[in-house]
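This report concerns only the one structure given below.
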Amino acid sequence: AHGSGSNMRYPLDHIIRCFGWAMDTSIFDQTSVPVTTSHKGKYPEIKDTYEAKHVKGLHFAGTLGHSLDYRKSAGGFIHGFRYTARAIFRLLEEKNEGVPWPEKTTSLMVTHEGRCPGIDELTGTLMKRIN
């Protein structure tokens, strides 16, 4: 019987509660790759180029890039970090290959036409440039 107070009301064997995580920095040799963390050890400390603050050439993508927009926008989730991954690619392509970010010149309209999903998902992180 599934009445009030019955052990069968919610039949289950185990409950696992997960309240977050901390970044595992043990994979890095701290003498040669001194990765530091922020947000109570959850994310690596990174510059606005997604490069580790204290390790030149080490970049973080995906959820680990969320330290830049933590609790501000969607960079730590699939619908956000697909845009941060693209931004890292474009930053590195510009830096290493000299390929500028793509741009499109149009006449300025009084109203905004069209959507920019990356900007919609990463408010305060990605933006349009109007010349």
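Just remember, in the structure tokens the first chain shown is A, the second B, etc., residues are 1-based per chain, and ligands are 1-based in the order shown.
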I'd like the contact shell of Asp24 (chain A) - 10 Å cut-off, only C-alpha atoms, skipping same-chain residues fewer than 3 positions apart - returned as a CSV table (one decimal) with N, CA and C atoms, in the first residue's frame.
chain,number,residue,atom,x,y,z
A,21,TRP,N,31.4,21.6,-6.8
A,21,TRP,CA,32.7,21.0,-7.1
A,21,TRP,C,33.8,22.0,-6.9
A,27,ILE,N,46.5,18.0,-11.2
A,27,ILE,CA,47.0,17.6,-12.5
A,27,ILE,C,48.1,18.5,-13.0
A,28,PHE,N,48.3,19.6,-12.4
A,28,PHE,CA,49.3,20.6,-12.8
A,28,PHE,C,50.5,20.6,-11.8
A,37,THR,N,43.0,29.3,-8.4
A,37,THR,CA,41.6,29.3,-8.6
A,37,THR,C,40.9,30.5,-8.0
A,41,GLY,N,37.6,28.0,-5.2
A,41,GLY,CA,38.3,26.9,-5.8
A,41,GLY,C,37.5,26.2,-7.0
A,42,LYS,N,36.4,26.8,-7.4
A,42,LYS,CA,35.6,26.2,-8.4
A,42,LYS,C,36.1,26.4,-9.9
A,43,TYR,N,36.7,27.6,-10.1
A,43,TYR,CA,37.2,28.0,-11.5
A,43,TYR,C,38.6,28.4,-11.4
A,44,PRO,N,39.3,28.3,-12.6
A,44,PRO,CA,40.7,28.8,-12.6
A,44,PRO,C,40.7,30.3,-12.7
Problem set entry | All residues 12 Å or closer to Leu92 (chain A), only C-alpha atoms, same chain fewer than 4 positions away omitted, as a list in words | Thr49, Tyr50, Glu51, Gly57, Leu58, His59, Ala85, Arg86, Ala87, Ile88, Asn96, Glu97, Gly98, Val99, Pro100 and Trp101 of chain A
Near-Thr36 (chain A) list (9 Å; only C-alpha atoms; drop same-chain fewer than 6 positions) as an mmCIF file with all heavy atoms, in the first residue's frame:
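Printed below is part.cif as written:
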data_model
loop_
_atom_site.group_PDB
_atom_site.id
_atom_site.type_symbol
_atom_site.label_atom_id
_atom_site.label_comp_id
_atom_site.auth_asym_id
_atom_site.auth_seq_id
_atom_site.Cartn_x
_atom_site.Cartn_y
_atom_site.Cartn_z
ATOM 1 N N THR A 25 43.302 20.873 -9.317
ATOM 2 C CA THR A 25 44.549 21.447 -9.827
ATOM 3 C C THR A 25 45.729 20.501 -9.625
ATOM 4 O O THR A 25 46.849 20.839 -10.001
ATOM 5 C CB THR A 25 44.863 22.794 -9.151
ATOM 6 O OG1 THR A 25 44.951 22.595 -7.739
ATOM 7 C CG2 THR A 25 43.794 23.827 -9.455
ATOM 8 N N TYR A 43 36.706 27.610 -10.124
ATOM 9 C CA TYR A 43 37.161 27.955 -11.476
ATOM 10 C C TYR A 43 38.610 28.428 -11.443
ATOM 11 O O TYR A 43 39.071 28.976 -10.450
ATOM 12 C CB TYR A 43 36.292 29.072 -12.060
ATOM 13 C CG TYR A 43 34.847 28.718 -12.169
ATOM 14 C CD1 TYR A 43 33.906 29.280 -11.333
ATOM 15 C CD2 TYR A 43 34.415 27.792 -13.106
ATOM 16 C CE1 TYR A 43 32.569 28.945 -11.429
ATOM 17 C CE2 TYR A 43 33.091 27.449 -13.209
ATOM 18 C CZ TYR A 43 32.169 28.028 -12.366
ATOM 19 O OH TYR A 43 30.849 27.675 -12.461
ATOM 20 N N PRO A 44 39.329 28.284 -12.565
ATOM 21 C CA PRO A 44 40.693 28.811 -12.618
ATOM 22 C C PRO A 44 40.667 30.337 -12.727
ATOM 23 O O PRO A 44 39.725 30.898 -13.288
ATOM 24 C CB PRO A 44 41.261 28.188 -13.898
ATOM 25 C CG PRO A 44 40.070 27.944 -14.758
ATOM 26 C CD PRO A 44 38.945 27.615 -13.816
ATOM 27 N N GLU A 45 41.674 30.982 -12.179
ATOM 28 C CA GLU A 45 41.800 32.429 -12.368
ATOM 29 C C GLU A 45 42.286 32.658 -13.778
ATOM 30 O O GLU A 45 43.342 32.141 -14.170
ATOM 31 C CB GLU A 45 42.798 33.026 -11.376
ATOM 32 C CG GLU A 45 42.252 33.213 -9.998
ATOM 33 C CD GLU A 45 43.208 34.025 -9.147
ATOM 34 O OE1 GLU A 45 44.361 33.592 -8.986
ATOM 35 O OE2 GLU A 45 42.791 35.086 -8.662
ATOM 36 N N ILE A 46 41.515 33.415 -14.570
ATOM 37 C CA ILE A 46 41.875 33.652 -15.969
ATOM 38 C C ILE A 46 41.743 35.126 -16.315
ATOM 39 O O ILE A 46 41.018 35.872 -15.665
ATOM 40 C CB ILE A 46 41.011 32.799 -16.930
ATOM 41 C CG1 ILE A 46 39.522 33.063 -16.728
ATOM 42 C CG2 ILE A 46 41.335 31.328 -16.776
ATOM 43 C CD1 ILE A 46 38.620 32.301 -17.697
ATOM 44 N N ALA A 52 45.187 31.531 -18.459
ATOM 45 C CA ALA A 52 45.478 31.456 -17.026
ATOM 46 C C ALA A 52 46.265 32.691 -16.593
ATOM 47 O O ALA A 52 47.162 33.137 -17.309
ATOM 48 C CB ALA A 52 46.269 30.190 -16.715
ATOM 49 N N LYS A 53 45.920 33.240 -15.431
ATOM 50 C CA LYS A 53 46.578 34.470 -14.969
ATOM 51 C C LYS A 53 48.079 34.321 -14.814
ATOM 52 O O LYS A 53 48.826 35.245 -15.076
ATOM 53 C CB LYS A 53 45.966 34.929 -13.644
ATOM 54 C CG LYS A 53 44.731 35.746 -13.826
ATOM 55 C CD LYS A 53 44.416 36.555 -12.596
ATOM 56 C CE LYS A 53 43.259 37.468 -12.944
ATOM 57 N NZ LYS A 53 42.822 38.259 -11.827
ATOM 58 N N HIS A 54 48.538 33.151 -14.374
ATOM 59 C CA HIS A 54 49.953 32.998 -14.058
ATOM 60 C C HIS A 54 50.677 32.006 -14.960
ATOM 61 O O HIS A 54 51.825 31.667 -14.688
ATOM 62 C CB HIS A 54 50.106 32.578 -12.592
ATOM 63 C CG HIS A 54 49.383 33.493 -11.641
ATOM 64 N ND1 HIS A 54 49.752 34.801 -11.436
ATOM 65 C CD2 HIS A 54 48.279 33.300 -10.884
ATOM 66 C CE1 HIS A 54 48.926 35.369 -10.575
ATOM 67 N NE2 HIS A 54 48.019 34.486 -10.227
#
Hey, what does DSSP flag as alpha helix (DSSP H) within region 25-84 of chain A? Can you give it to me as an mmCIF file with C-alpha atoms, in the first residue's frame?
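Result saved to out.cif:
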data_model
loop_
_atom_site.group_PDB
_atom_site.id
_atom_site.type_symbol
_atom_site.label_atom_id
_atom_site.label_comp_id
_atom_site.auth_asym_id
_atom_site.auth_seq_id
_atom_site.Cartn_x
_atom_site.Cartn_y
_atom_site.Cartn_z
ATOM 1 C CA ILE A 78 26.260 24.625 -23.078
ATOM 2 C CA HIS A 79 24.103 27.440 -24.463
ATOM 3 C CA GLY A 80 26.750 29.944 -23.328
ATOM 4 C CA PHE A 81 30.115 28.264 -23.566
ATOM 5 C CA ARG A 82 29.672 27.475 -27.226
ATOM 6 C CA TYR A 83 30.096 31.232 -27.722
ATOM 7 C CA THR A 84 33.053 31.524 -25.334
#
For this session: Quote the spacing between CA of Gly65 (chain A) and CA of Asp29 (chain A) in Å to one decimal place.
Result: 20.4 Å
